[in-house]
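Student: As input, take final_20.cif (mmCIF, C-alpha atoms (C1' of nucleotides)):
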data_entry
loop_
_atom_site.label_atom_id
_atom_site.label_comp_id
_atom_site.auth_asym_id
_atom_site.auth_seq_id
_atom_site.Cartn_x
_atom_site.Cartn_y
_atom_site.Cartn_z
CA MET B 1 53.14 175.57 75.44
CA ALA B 2 53.27 172.28 77.24
CA ILE B 3 50.20 170.15 76.96
CA GLN B 4 49.96 169.88 80.67
CA ASP B 5 52.15 170.34 83.69
CA PHE B 6 52.88 166.88 84.99
CA SER B 7 52.21 167.76 88.61
CA HIS B 8 48.77 169.01 87.71
CA SER B 9 47.80 166.03 85.65
CA LEU B 10 44.79 164.18 86.92
CA PRO B 11 46.64 161.00 87.88
CA MET B 12 49.17 162.91 89.96
CA MET B 13 46.41 164.89 91.61
CA LEU B 14 44.70 161.65 92.54
CA TYR B 15 47.94 160.26 93.93
CA ARG B 16 48.59 163.43 95.90
CA ALA B 17 45.11 163.37 97.35
CA LEU B 18 45.69 159.83 98.56
CA ASP B 19 49.10 160.77 99.90
CA ALA B 20 47.50 163.55 101.87
CA VAL B 21 44.58 161.54 103.14
CA MET B 22 45.86 158.06 103.89
CA PRO B 23 48.56 158.66 106.51
CA ARG B 24 45.97 159.73 109.04
CA PHE B 25 44.13 156.44 108.62
CA ARG B 26 47.26 154.38 108.34
CA ARG B 27 48.45 155.42 111.75
CA ILE B 28 45.36 153.88 113.27
CA PHE B 29 45.63 150.41 111.84
CA THR B 30 49.39 150.14 111.82
CA ALA B 31 49.14 150.77 115.56
CA ALA B 32 46.98 147.63 115.62
CA GLY B 33 49.56 145.67 113.64
CA LEU B 34 47.67 145.81 110.35
CA THR B 35 48.88 146.93 106.95
CA GLU B 36 46.60 148.94 104.74
CA GLN B 37 45.71 145.92 102.61
CA GLN B 38 45.03 143.77 105.64
CA TRP B 39 42.77 146.51 106.91
CA ARG B 40 40.89 146.60 103.63
CA VAL B 41 40.29 142.88 103.70
CA LEU B 42 38.93 142.98 107.24
CA ARG B 43 36.83 146.01 106.41
CA VAL B 44 35.12 144.04 103.65
CA LEU B 45 34.74 140.92 105.76
CA TRP B 46 32.91 142.90 108.40
CA GLU B 47 30.35 143.79 105.77
CA HIS B 48 30.21 140.33 104.17
CA ASN B 49 30.33 137.45 106.58
CA GLU B 50 31.72 135.08 104.00
CA ILE B 51 32.88 136.00 100.55
CA PRO B 52 34.71 134.29 97.68
CA GLN B 53 38.29 135.34 97.21
CA GLY B 54 37.67 136.79 93.76
CA ALA B 55 34.93 139.08 95.01
CA LEU B 56 37.19 140.07 97.85
CA ALA B 57 39.91 141.04 95.38
CA ASN B 58 37.42 143.22 93.50
CA LEU B 59 36.08 144.97 96.57
CA THR B 60 39.47 145.61 98.14
CA LEU B 61 41.12 146.49 94.82
CA ILE B 62 43.90 144.11 95.79
CA PRO B 63 45.12 142.15 92.75
CA PRO B 64 44.60 138.41 93.17
CA PRO B 65 48.30 137.52 93.30
CA SER B 66 48.85 140.05 96.08
CA LEU B 67 45.77 138.91 97.90
CA ILE B 68 47.28 135.46 98.39
CA GLY B 69 50.01 136.83 100.61
CA VAL B 70 47.73 139.25 102.42
CA LEU B 71 45.39 136.40 103.30
CA ASP B 72 48.32 134.19 104.28
CA ARG B 73 49.46 136.74 106.84
CA LEU B 74 45.98 137.44 108.11
CA THR B 75 45.47 133.70 108.53
CA ALA B 76 48.79 133.36 110.32
CA ASN B 77 47.64 136.07 112.72
CA GLY B 78 44.36 134.27 113.32
CA LEU B 79 42.20 137.07 111.96
CA ILE B 80 40.59 135.26 109.03
CA GLU B 81 40.05 131.77 107.71
CA ARG B 82 39.71 130.27 104.26
CA ARG B 83 37.14 127.61 103.47
CA ARG B 84 36.93 125.83 100.19
CA TYR B 85 33.42 126.12 98.83
CA GLU B 86 31.95 122.70 98.28
CA GLY B 87 29.47 123.85 95.65
CA ASP B 88 32.38 124.79 93.38
CA ARG B 89 35.69 123.47 94.55
CA ARG B 90 37.64 126.09 92.63
CA VAL B 91 36.24 128.77 94.95
CA VAL B 92 37.84 129.71 98.24
CA ASN B 93 35.62 131.58 100.65
CA VAL B 94 37.09 133.91 103.20
CA ALA B 95 35.64 134.90 106.56
CA ALA B 96 36.83 136.78 109.62
CA THR B 97 37.50 134.79 112.75
CA ARG B 98 36.18 135.96 116.08
CA ALA B 99 39.46 137.75 116.69
CA GLY B 100 39.13 139.38 113.30
CA ARG B 101 35.64 140.55 114.05
CA ARG B 102 36.70 141.91 117.40
CA LEU B 103 38.99 144.37 115.65
CA GLU B 104 35.98 146.13 114.21
CA GLU B 105 34.86 147.56 117.52
CA LYS B 106 38.43 148.29 118.43
CA LEU B 107 39.35 150.25 115.32
CA MET B 108 36.24 151.60 113.64
CA PRO B 109 35.56 154.38 116.12
CA ALA B 110 38.95 155.99 115.55
CA VAL B 111 38.70 155.51 111.80
CA ALA B 112 35.20 156.95 111.72
CA ALA B 113 36.43 159.93 113.68
CA VAL B 114 39.23 160.62 111.24
CA TYR B 115 36.81 160.20 108.38
CA ALA B 116 34.39 162.69 109.90
CA GLU B 117 37.26 165.08 110.38
CA LEU B 118 38.28 164.64 106.77
CA ARG B 119 34.80 165.21 105.54
CA ALA B 120 34.46 168.30 107.67
CA SER B 121 37.58 169.75 106.06
CA LEU B 122 35.63 170.28 102.86
CA ASP B 123 32.31 171.99 102.50
CA SER B 124 29.59 169.55 101.59
CA GLU B 125 29.15 171.03 98.14
CA THR B 126 32.79 170.41 97.23
CA TRP B 127 32.63 166.96 98.76
CA ALA B 128 29.58 166.00 96.73
CA ARG B 129 31.10 167.25 93.50
CA LEU B 130 34.32 165.45 94.20
CA GLU B 131 32.49 162.18 94.76
CA TYR B 132 30.53 162.75 91.62
CA GLY B 133 33.63 163.33 89.54
CA LEU B 134 35.34 160.29 90.98
CA GLN B 135 32.37 158.11 90.18
CA CYS B 136 32.37 159.37 86.63
CA LEU B 137 36.03 158.50 86.28
CA SER B 138 35.47 155.04 87.67
CA GLY B 139 32.87 154.36 85.05
CA ASP B 140 30.44 154.10 87.91
CA THR B 141 27.21 155.74 86.90
CA PRO B 142 26.56 158.24 89.66
CA VAL B 143 23.13 158.28 91.16
CA THR B 144 23.21 161.86 92.34
CA HIS B 145 24.33 164.85 90.38
CA PRO B 146 25.88 167.63 92.43
CA GLU B 147 24.08 170.43 90.65
CA LYS B 148 20.57 169.63 89.78
CA LYS B 149 19.07 167.65 92.53
CA ARG B 150 16.92 165.17 90.85
CA ALA B 151 13.47 166.45 91.24
CA PRO B 152 11.21 164.21 93.23
CA ARG B 153 9.99 162.07 90.48
CA PRO B 154 6.96 163.52 88.73
CA ARG B 155 4.03 161.24 89.12
CA THR B 156 2.64 161.89 85.70
CA ARG B 157 5.73 160.71 83.84
CA SER B 158 6.98 157.34 84.82
CA LYS B 159 9.23 156.66 81.84
CA LYS B 160 12.13 158.66 80.66
CA MET I 1 23.32 152.06 110.63
CA ALA I 2 26.81 151.75 109.26
CA ILE I 3 28.84 154.92 109.23
CA GLN I 4 29.77 154.44 105.66
CA ASP I 5 29.89 151.74 103.08
CA PHE I 6 33.54 150.86 102.59
CA SER I 7 33.37 150.81 98.82
CA HIS I 8 32.00 154.32 98.77
CA SER I 9 34.54 155.77 101.16
CA LEU I 10 36.64 158.52 99.70
CA PRO I 11 39.94 156.60 99.74
CA MET I 12 38.43 153.66 97.87
CA MET I 13 36.84 156.01 95.37
CA LEU I 14 40.23 157.60 94.77
CA TYR I 15 41.81 154.18 94.31
CA ARG I 16 39.07 153.09 91.94
CA ALA I 17 39.46 156.23 89.88
CA LEU I 18 43.18 155.51 89.51
CA ASP I 19 42.45 151.88 88.70
CA ALA I 20 40.12 153.01 85.96
CA VAL I 21 42.38 155.68 84.55
CA MET I 22 45.93 154.36 84.76
CA PRO I 23 45.81 151.19 82.64
CA ARG I 24 45.28 153.22 79.50
CA PHE I 25 48.45 155.19 80.18
CA ARG I 26 50.39 152.23 81.44
CA ARG I 27 50.00 150.38 78.20
CA ILE I 28 51.85 153.16 76.43
CA PHE I 29 54.98 153.25 78.53
CA THR I 30 55.19 149.58 79.33
CA ALA I 31 55.31 149.09 75.58
CA ALA I 32 58.43 151.27 75.69
CA GLY I 33 59.92 149.17 78.48
CA LEU I 34 59.18 151.67 81.25
CA THR I 35 57.43 151.10 84.54
CA GLU I 36 55.04 153.71 85.83
CA GLN I 37 57.61 155.08 88.29
CA GLN I 38 60.30 155.21 85.66
CA TRP I 39 57.89 157.11 83.47
CA ARG I 40 57.18 159.59 86.24
CA VAL I 41 60.86 160.27 86.76
CA LEU I 42 61.43 160.91 83.08
CA ARG I 43 58.32 163.05 82.89
CA VAL I 44 59.75 165.31 85.59
CA LEU I 45 63.21 165.36 84.08
CA TRP I 46 61.79 166.59 80.80
CA GLU I 47 60.44 169.59 82.65
CA HIS I 48 63.52 170.14 84.83
CA ASN I 49 66.82 169.64 83.07
CA GLU I 50 68.63 168.85 86.28
CA ILE I 51 67.06 168.35 89.65
CA PRO I 52 68.16 167.16 93.10
CA GLN I 53 67.01 163.71 94.05
CA GLY I 54 64.92 164.95 96.97
CA ALA I 55 62.95 167.33 94.81
CA LEU I 56 62.49 164.52 92.33
CA ALA I 57 61.05 162.32 95.05
CA ASN I 58 58.56 165.05 95.96
CA LEU I 59 57.46 165.71 92.41
CA THR I 60 57.11 162.07 91.44
CA LEU I 61 55.59 161.06 94.79
CA ILE I 62 58.08 158.23 94.85
CA PRO I 63 59.40 157.67 98.38
CA PRO I 64 63.17 158.20 98.59
CA PRO I 65 64.03 154.58 99.35
CA SER I 66 62.07 153.44 96.31
CA LEU I 67 63.58 156.14 94.18
CA ILE I 68 67.04 154.66 94.65
CA GLY I 69 66.10 151.51 92.81
CA VAL I 70 64.10 153.32 90.16
CA LEU I 71 67.09 155.54 89.39
CA ASP I 72 69.42 152.54 89.44
CA ARG I 73 67.40 150.84 86.73
CA LEU I 74 66.99 154.01 84.67
CA THR I 75 70.74 154.52 84.89
CA ALA I 76 71.38 150.93 83.88
CA ASN I 77 69.20 151.53 80.84
CA GLY I 78 71.12 154.65 79.94
CA LEU I 79 68.13 156.97 80.29
CA ILE I 80 69.35 159.18 83.15
CA GLU I 81 72.53 160.05 84.98
CA ARG I 82 73.35 161.11 88.53
CA ARG I 83 75.81 163.89 89.27
CA ARG I 84 76.92 164.79 92.73
CA TYR I 85 76.41 168.49 93.26
CA GLU I 86 79.67 170.20 94.18
CA GLY I 87 78.02 173.08 96.00
CA ASP I 88 76.64 170.66 98.58
CA ARG I 89 78.14 167.25 98.36
CA ARG I 90 75.20 165.59 100.07
CA VAL I 91 73.04 166.39 97.07
CA VAL I 92 72.74 164.15 94.04
CA ASN I 93 71.38 165.79 90.94
CA VAL I 94 69.58 163.77 88.33
CA ALA I 95 69.27 164.51 84.64
CA ALA I 96 67.99 162.70 81.55
CA THR I 97 70.55 161.50 79.04
CA ARG I 98 70.07 162.10 75.36
CA ALA I 99 68.39 158.70 75.08
CA GLY I 100 66.13 159.65 77.98
CA ARG I 101 65.15 162.89 76.34
CA ARG I 102 64.47 161.16 73.07
CA LEU I 103 61.71 159.18 74.73
CA GLU I 104 59.73 162.37 75.19
CA GLU I 105 58.99 162.79 71.52
CA LYS I 106 58.41 159.10 71.20
CA LEU I 107 55.86 158.74 74.00
CA MET I 108 54.26 162.09 74.75
CA PRO I 109 52.01 162.20 71.70
CA ALA I 110 50.29 158.94 72.60
CA VAL I 111 50.04 159.92 76.25
CA ALA I 112 48.66 163.33 75.37
CA ALA I 113 46.10 161.68 73.15
CA VAL I 114 44.91 159.39 75.92
CA TYR I 115 44.81 162.33 78.27
CA ALA I 116 42.69 164.34 75.87
CA GLU I 117 40.40 161.37 75.49
CA LEU I 118 40.13 161.08 79.25
CA ARG I 119 39.38 164.73 79.65
CA ALA I 120 36.76 164.57 76.96
CA SER I 121 34.99 161.80 78.82
CA LEU I 122 33.87 164.31 81.43
CA ASP I 123 32.19 167.61 80.81
CA SER I 124 34.46 170.52 81.63
CA GLU I 125 32.36 171.59 84.59
CA THR I 126 32.71 168.22 86.27
CA TRP I 127 36.39 168.13 85.44
CA ALA I 128 37.03 171.54 86.99
CA ARG I 129 35.15 170.66 90.15
CA LEU I 130 36.97 167.38 90.44
CA GLU I 131 40.32 169.14 90.18
CA TYR I 132 39.22 171.65 92.73
CA GLY I 133 38.16 169.00 95.21
CA LEU I 134 41.40 167.10 94.74
CA GLN I 135 43.46 170.21 95.35
CA CYS I 136 41.52 170.87 98.53
CA LEU I 137 42.24 167.35 99.73
CA SER I 138 45.92 167.70 98.96
CA GLY I 139 46.15 170.77 101.13
CA ASP I 140 47.05 172.61 97.97
CA THR I 141 45.29 175.94 97.95
CA PRO I 142 43.39 175.90 94.69
CA VAL I 143 43.84 178.92 92.50
CA THR I 144 40.54 178.62 90.77
CA HIS I 145 37.26 177.87 92.36
CA PRO I 146 34.76 176.18 90.11
CA GLU I 147 32.10 178.62 91.20
CA LYS I 148 33.48 181.80 92.65
CA LYS I 149 36.99 183.11 92.17
CA ARG I 150 39.09 183.43 95.24
CA ALA I 151 42.21 185.33 96.14
CA PRO I 152 45.30 183.14 96.20
CA ARG I 153 46.83 182.65 99.61
CA PRO I 154 50.53 182.56 100.26
CA ARG I 155 51.55 178.99 99.93
CA THR I 156 54.11 177.13 101.96
CA ARG I 157 55.14 173.70 100.95
CA SER I 158 54.86 171.63 104.07
CA LYS I 159 55.59 167.96 103.97
CA LYS I 160 54.38 165.49 106.52
"C1'" DG Y 1 87.75 174.93 116.64
"C1'" DC Y 2 84.53 171.39 118.36
"C1'" DT Y 3 80.37 169.11 119.29
"C1'" DA Y 4 75.35 168.34 118.54
"C1'" DT Y 5 72.00 168.57 115.25
"C1'" DT Y 6 70.08 168.65 110.92
"C1'" DT Y 7 69.90 167.40 106.10
"C1'" DA Y 8 70.27 164.35 101.83
"C1'" DG Y 9 70.83 160.15 100.66
"C1'" DT Y 10 71.29 155.13 101.38
"C1'" DT Y 11 70.61 150.30 103.16
"C1'" DA Y 12 67.81 146.65 105.14
"C1'" DA Y 13 63.61 143.92 106.03
"C1'" DT Y 14 59.07 143.02 105.13
"C1'" DA Y 15 54.76 143.66 102.44
"C1'" DT Y 16 52.48 144.61 97.83
"C1'" DA Y 17 51.99 145.45 92.77
"C1'" DT Y 18 52.52 143.78 88.13
"C1'" DT Y 19 52.82 140.46 84.53
"C1'" DA Y 20 53.07 135.97 82.89
"C1'" DA Y 21 52.59 131.30 83.44
"C1'" DG Y 22 50.78 127.24 85.88
"C1'" DT Y 23 47.10 124.13 88.32
"C1'" DA Y 24 42.65 122.33 89.45
"C1'" DT Y 25 37.69 122.50 88.41
"C1'" DT Y 26 33.95 123.29 85.93
"C1'" DG Y 27 30.97 123.80 81.93
"C1'" DA Y 28 30.09 123.50 77.02
"C1'" DC Y 29 30.22 120.75 73.06
"C1'" DT Y 30 30.90 116.75 69.86
"C1'" DA H 1 32.37 109.76 77.64
"C1'" DG H 2 36.02 112.85 75.92
"C1'" DT H 3 37.89 117.13 74.49
"C1'" DC H 4 38.26 122.05 74.81
"C1'" DA H 5 37.73 126.28 76.72
"C1'" DA H 6 36.71 129.15 80.56
"C1'" DT H 7 36.99 130.01 85.57
"C1'" DA H 8 39.20 130.61 90.24
"C1'" DC H 9 43.02 130.54 92.21
"C1'" DT H 10 48.17 129.97 92.73
"C1'" DT H 11 53.20 130.46 91.79
"C1'" DA H 12 57.18 132.90 90.08
"C1'" DA H 13 60.05 136.91 88.93
"C1'" DT H 14 60.81 141.57 89.08
"C1'" DA H 15 59.71 146.31 90.68
"C1'" DT H 16 57.88 149.39 94.50
"C1'" DA H 17 56.09 150.84 99.11
"C1'" DT H 18 56.82 151.30 103.98
"C1'" DT H 19 59.37 151.82 108.13
"C1'" DA H 20 63.47 152.06 110.65
"C1'" DA H 21 68.17 152.53 111.00
"C1'" DC H 22 72.56 154.24 109.11
"C1'" DT H 23 76.15 157.23 106.60
"C1'" DA H 24 78.22 161.46 105.07
"C1'" DA H 25 78.13 166.21 104.66
"C1'" DA H 26 76.61 170.65 106.22
"C1'" DT H 27 75.11 173.82 109.91
"C1'" DA H 28 74.12 175.84 114.54
"C1'" DG H 29 75.86 176.91 119.07
"C1'" DC H 30 79.08 177.65 122.08
#
Would you mind writing the file out in structure tokens?
Tutor:
Amino acid sequence: MAIQDFSHSLPMMLYRALDAVMPRFRRIFTAAGLTEQQWRVLRVLWEHNEIPQGALANLTLIPPPSLIGVLDRLTANGLIERRRYEGDRRVVNVAATRAGRRLEEKLMPAVAAVYAELRASLDSETWARLEYGLQCLSGDTPVTHPEKKRAPRPRTRSKK
Amino acid sequence: MAIQDFSHSLPMMLYRALDAVMPRFRRIFTAAGLTEQQWRVLRVLWEHNEIPQGALANLTLIPPPSLIGVLDRLTANGLIERRRYEGDRRVVNVAATRAGRRLEEKLMPAVAAVYAELRASLDSETWARLEYGLQCLSGDTPVTHPEKKRAPRPRTRSKK
DNA sequence: GCTATTTAGTTAATATATTAAGTATTGACT
DNA sequence: AGTCAATACTTAATATATTAACTAAATAGC
């Protein structure tokens, strides 16, 4: 018996989930002339006014060599700007321009709506367990366990 | 208050999970001179002796325009071959050559080992719930519910 | 029988991913 | 101060993704 059907392997299930989920979002920002990676960069810049390029690569999951081109095109479109950090001249900081920031109000409502719709398509139990499993895979220590809600911390025992 | 922290959005969690999981597999088949997409094609061909290109695109999640090039390179390396199907001359069937099939015995053991290792890194409960959640997202009616069993629904493969 | 439409595959243009190598700074060390 | 290694980014080469348009073969309708 085969070790595992390829289509039901975890990586393929992850890819299929993304394939099912992303198109709905993509429609929104491609309509605004953005690619998915450009969207990710802006999304991060709205949360961090100014951020070094390396940190941006980590948060967007865009590999540094790819990020170069993404930032080039965003710069060409006047949505971001790069500023060399004087404290360490190897570092390039990135920030959204006013035009870049304006896109937040223009696009976030639609994206948030799709996200709410997506979330509503699963019951909250399934959603929570899914997030938990994904965090485990990512090596990200989850804070909440889907099953046992962490009891409100007992006052008598402070240490584990 | 922000609707949702970008880094904890479901799409980014899915991407991070893949980023965490894939490198371990990738090392194995890049060592054999295969890219990830080439690997996926072969993986499917080992399960289906001969398969039309469209079905191959669906199973590998490689978009048809990309598949062209992937198959070109696999053909150039003597690992697969394309045969036009005489019953419907629009169809191109793809099959692994002997050299392509030989790679299965060469690579599967290592891949299976990594997969077992991956699976062992989560407890089986978490794993089952993760799979369930991913199937829900993919619009794939799950056959097993992590908690309660459910009757399978008739399943139609819709694209788009 | 002939046309319009659909299907399976392909090509083209632009944007990204992947890997390796290269550059400029910085920091550590002798 | 001078060398070496590490850091942050960049460039280069090849492989894929995405979208639209295009071809050939099959099918539906009339």
Student: Should the cut-off be 12 Å, what would the residue list for chain Y against chain B look like, counting only C-alpha atoms (C1' of nucleotides), as a ChimeraX atom specification?
Tutor: /Y:14-20,23-27
Student: Evaluate the PyMOL selection byres ((chain B) within 8 of (chain I)) here and jot the selected residues down as a PyMOL selection string.
Tutor: chain B and resi 3+6-7+10-11+13-22+43-44+59+61+112+122+126-127+129-139
Student: Kindly export the residues of the current selection with C-alpha atoms, as a PDB file, in the frame of the given file.
Tutor:
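The resulting again32.pdb:
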ATOM      1  CA  ILE B   3      50.200 170.150  76.960  1.00  0.00           C
ATOM      2  CA  PHE B   6      52.880 166.880  84.990  1.00  0.00           C
ATOM      3  CA  SER B   7      52.210 167.760  88.610  1.00  0.00           C
ATOM      4  CA  LEU B  10      44.790 164.180  86.920  1.00  0.00           C
ATOM      5  CA  PRO B  11      46.640 161.000  87.880  1.00  0.00           C
ATOM      6  CA  MET B  13      46.410 164.890  91.610  1.00  0.00           C
ATOM      7  CA  LEU B  14      44.700 161.650  92.540  1.00  0.00           C
ATOM      8  CA  TYR B  15      47.940 160.260  93.930  1.00  0.00           C
ATOM      9  CA  ARG B  16      48.590 163.430  95.900  1.00  0.00           C
ATOM     10  CA  ALA B  17      45.110 163.370  97.350  1.00  0.00           C
ATOM     11  CA  LEU B  18      45.690 159.830  98.560  1.00  0.00           C
ATOM     12  CA  ASP B  19      49.100 160.770  99.900  1.00  0.00           C
ATOM     13  CA  ALA B  20      47.500 163.550 101.870  1.00  0.00           C
ATOM     14  CA  VAL B  21      44.580 161.540 103.140  1.00  0.00           C
ATOM     15  CA  MET B  22      45.860 158.060 103.890  1.00  0.00           C
ATOM     16  CA  ARG B  43      36.830 146.010 106.410  1.00  0.00           C
ATOM     17  CA  VAL B  44      35.120 144.040 103.650  1.00  0.00           C
ATOM     18  CA  LEU B  59      36.080 144.970  96.570  1.00  0.00           C
ATOM     19  CA  LEU B  61      41.120 146.490  94.820  1.00  0.00           C
ATOM     20  CA  ALA B 112      35.200 156.950 111.720  1.00  0.00           C
ATOM     21  CA  LEU B 122      35.630 170.280 102.860  1.00  0.00           C
ATOM     22  CA  THR B 126      32.790 170.410  97.230  1.00  0.00           C
ATOM     23  CA  TRP B 127      32.630 166.960  98.760  1.00  0.00           C
ATOM     24  CA  ARG B 129      31.100 167.250  93.500  1.00  0.00           C
ATOM     25  CA  LEU B 130      34.320 165.450  94.200  1.00  0.00           C
ATOM     26  CA  GLU B 131      32.490 162.180  94.760  1.00  0.00           C
ATOM     27  CA  TYR B 132      30.530 162.750  91.620  1.00  0.00           C
ATOM     28  CA  GLY B 133      33.630 163.330  89.540  1.00  0.00           C
ATOM     29  CA  LEU B 134      35.340 160.290  90.980  1.00  0.00           C
ATOM     30  CA  GLN B 135      32.370 158.110  90.180  1.00  0.00           C
ATOM     31  CA  CYS B 136      32.370 159.370  86.630  1.00  0.00           C
ATOM     32  CA  LEU B 137      36.030 158.500  86.280  1.00  0.00           C
ATOM     33  CA  SER B 138      35.470 155.040  87.670  1.00  0.00           C
ATOM     34  CA  GLY B 139      32.870 154.360  85.050  1.00  0.00           C
TER      35      GLY B 139
END
Student: List the neighbours of region 2-11 of chain Y out to 12 Å using all atoms listed in the file; skip same-chain residues closer than 3 positions along the sequence, and give me the result as a VMD selection string.
Tutor: (chain I and resid 52 to 55 57 63 to 69 84 to 85 88 to 93) or (chain H and resid 20 to 30)
Student: Show me, as JSON, the centre and edge lengths in Å to one decimal of the axis-aligned box that covers every listed atom of region 9-15 of chain H with 5 Å on each side.
Tutor:
{"center_x": 51.9, "center_y": 138.1, "center_z": 90.8, "size_x": 27.8, "size_y": 26.3, "size_z": 13.8}
Student: For chain H versus chain B, which residues have an atom no more than 12 Å away, and what is each residue's nearest atom pair and distance in Å rounded to one decimal, using only C-alpha atoms (C1' of nucleotides), chain-then-number order, as CSV?
Tutor:
residue,atom,partner,partner_atom,distance
H:DT7,C1',B:Arg90,CA,8.1
H:DA8,C1',B:Arg90,CA,5.3
H:DC9,C1',B:Arg90,CA,7.0
H:DT10,C1',B:Pro65,CA,7.6
H:DT11,C1',B:Pro65,CA,8.7
H:DA12,C1',B:Pro65,CA,10.5
H:DA17,C1',B:Glu36,CA,11.2
H:DT18,C1',B:Thr35,CA,9.5
H:DT19,C1',B:Thr30,CA,10.8
Student: What gap, in Å, lies between CA of Val114 (chain B) and CA of Gly78 (chain B)?
Tutor: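 Separation between CA of Val114 (chain B) and CA of Gly78 (chain B): 26.9 Å.
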Student: Record the distance separating CA of Arg24 (chain I) and CA of Val94 (chain I), expressed in Å with one decimal.
Tutor: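 Distance reported for this atom pair: 27.9 Å.
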Student: Report as a list in words the full result of the PyMOL selection byres ((chain B and resi 75) around 12) when it is applied to this structure.
Tutor: Gln38, Val41, Leu42, Leu67, Ile68, Gly69, Val70, Leu71, Asp72, Arg73, Leu74, Ala76, Asn77, Gly78, Leu79, Ile80, Glu81, Arg82, Arg83, Val94, Ala95, Ala96, Thr97, Ala99 and Gly100 of chain B
Student: Which value, in Å to one decimal, gives the distance between CA of Leu103 (chain I) and CA of Trp39 (chain I)?
Tutor: 9.8 Å
Student: I want to know what sits within 12 Å of DT30 (chain Y), based on all atoms listed in the file, with residues of the same chain fewer than 3 positions away left out; could you give that as a PyMOL selection string?
Tutor: chain H and resi 1-4
Student: Choose the residue, out of I:Glu117, I:Leu107, I:Asn58, I:Ile51, that has the smallest atom-to-atom separation from Gly33 (chain I); count all atoms listed in the file.
Tutor: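 So, comparing all the options, the nearest one is I:Leu107.
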Student: Please produce region 48-59 of chain I, completed to N, CA and C atoms, as a PDB file, in the frame of the given file.
Tutor:
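As written to disk, rebuild_10.pdb reads:
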ATOM      1  N   HIS I  48      62.427 169.543  84.071  1.00  0.00           N
ATOM      2  CA  HIS I  48      63.520 170.140  84.830  1.00  0.00           C
ATOM      3  C   HIS I  48      64.820 169.494  84.382  1.00  0.00           C
ATOM      4  N   ASN I  49      65.603 170.236  83.637  1.00  0.00           N
ATOM      5  CA  ASN I  49      66.820 169.640  83.070  1.00  0.00           C
ATOM      6  C   ASN I  49      67.648 168.880  84.084  1.00  0.00           C
ATOM      7  N   GLU I  50      67.817 169.492  85.251  1.00  0.00           N
ATOM      8  CA  GLU I  50      68.630 168.850  86.280  1.00  0.00           C
ATOM      9  C   GLU I  50      67.973 169.153  87.610  1.00  0.00           C
ATOM     10  N   ILE I  51      67.838 168.141  88.443  1.00  0.00           N
ATOM     11  CA  ILE I  51      67.060 168.350  89.650  1.00  0.00           C
ATOM     12  C   ILE I  51      67.592 167.453  90.764  1.00  0.00           C
ATOM     13  N   PRO I  52      67.676 167.981  91.990  1.00  0.00           N
ATOM     14  CA  PRO I  52      68.160 167.160  93.100  1.00  0.00           C
ATOM     15  C   PRO I  52      67.199 166.012  93.402  1.00  0.00           C
ATOM     16  N   GLN I  53      67.766 164.937  93.852  1.00  0.00           N
ATOM     17  CA  GLN I  53      67.010 163.710  94.050  1.00  0.00           C
ATOM     18  C   GLN I  53      65.818 163.914  94.999  1.00  0.00           C
ATOM     19  N   GLY I  54      66.001 164.720  96.016  1.00  0.00           N
ATOM     20  CA  GLY I  54      64.920 164.950  96.970  1.00  0.00           C
ATOM     21  C   GLY I  54      63.738 165.619  96.318  1.00  0.00           C
ATOM     22  N   ALA I  55      64.019 166.631  95.509  1.00  0.00           N
ATOM     23  CA  ALA I  55      62.950 167.330  94.810  1.00  0.00           C
ATOM     24  C   ALA I  55      62.259 166.373  93.846  1.00  0.00           C
ATOM     25  N   LEU I  56      63.045 165.505  93.254  1.00  0.00           N
ATOM     26  CA  LEU I  56      62.490 164.520  92.330  1.00  0.00           C
ATOM     27  C   LEU I  56      61.535 163.572  93.058  1.00  0.00           C
ATOM     28  N   ALA I  57      61.922 163.191  94.247  1.00  0.00           N
ATOM     29  CA  ALA I  57      61.050 162.320  95.050  1.00  0.00           C
ATOM     30  C   ALA I  57      59.726 163.019  95.340  1.00  0.00           C
ATOM     31  N   ASN I  58      59.788 164.304  95.670  1.00  0.00           N
ATOM     32  CA  ASN I  58      58.560 165.050  95.960  1.00  0.00           C
ATOM     33  C   ASN I  58      57.671 165.160  94.734  1.00  0.00           C
ATOM     34  N   LEU I  59      58.253 165.478  93.612  1.00  0.00           N
ATOM     35  CA  LEU I  59      57.460 165.710  92.410  1.00  0.00           C
ATOM     36  C   LEU I  59      56.863 164.422  91.853  1.00  0.00           C
TER      37      LEU I  59
END
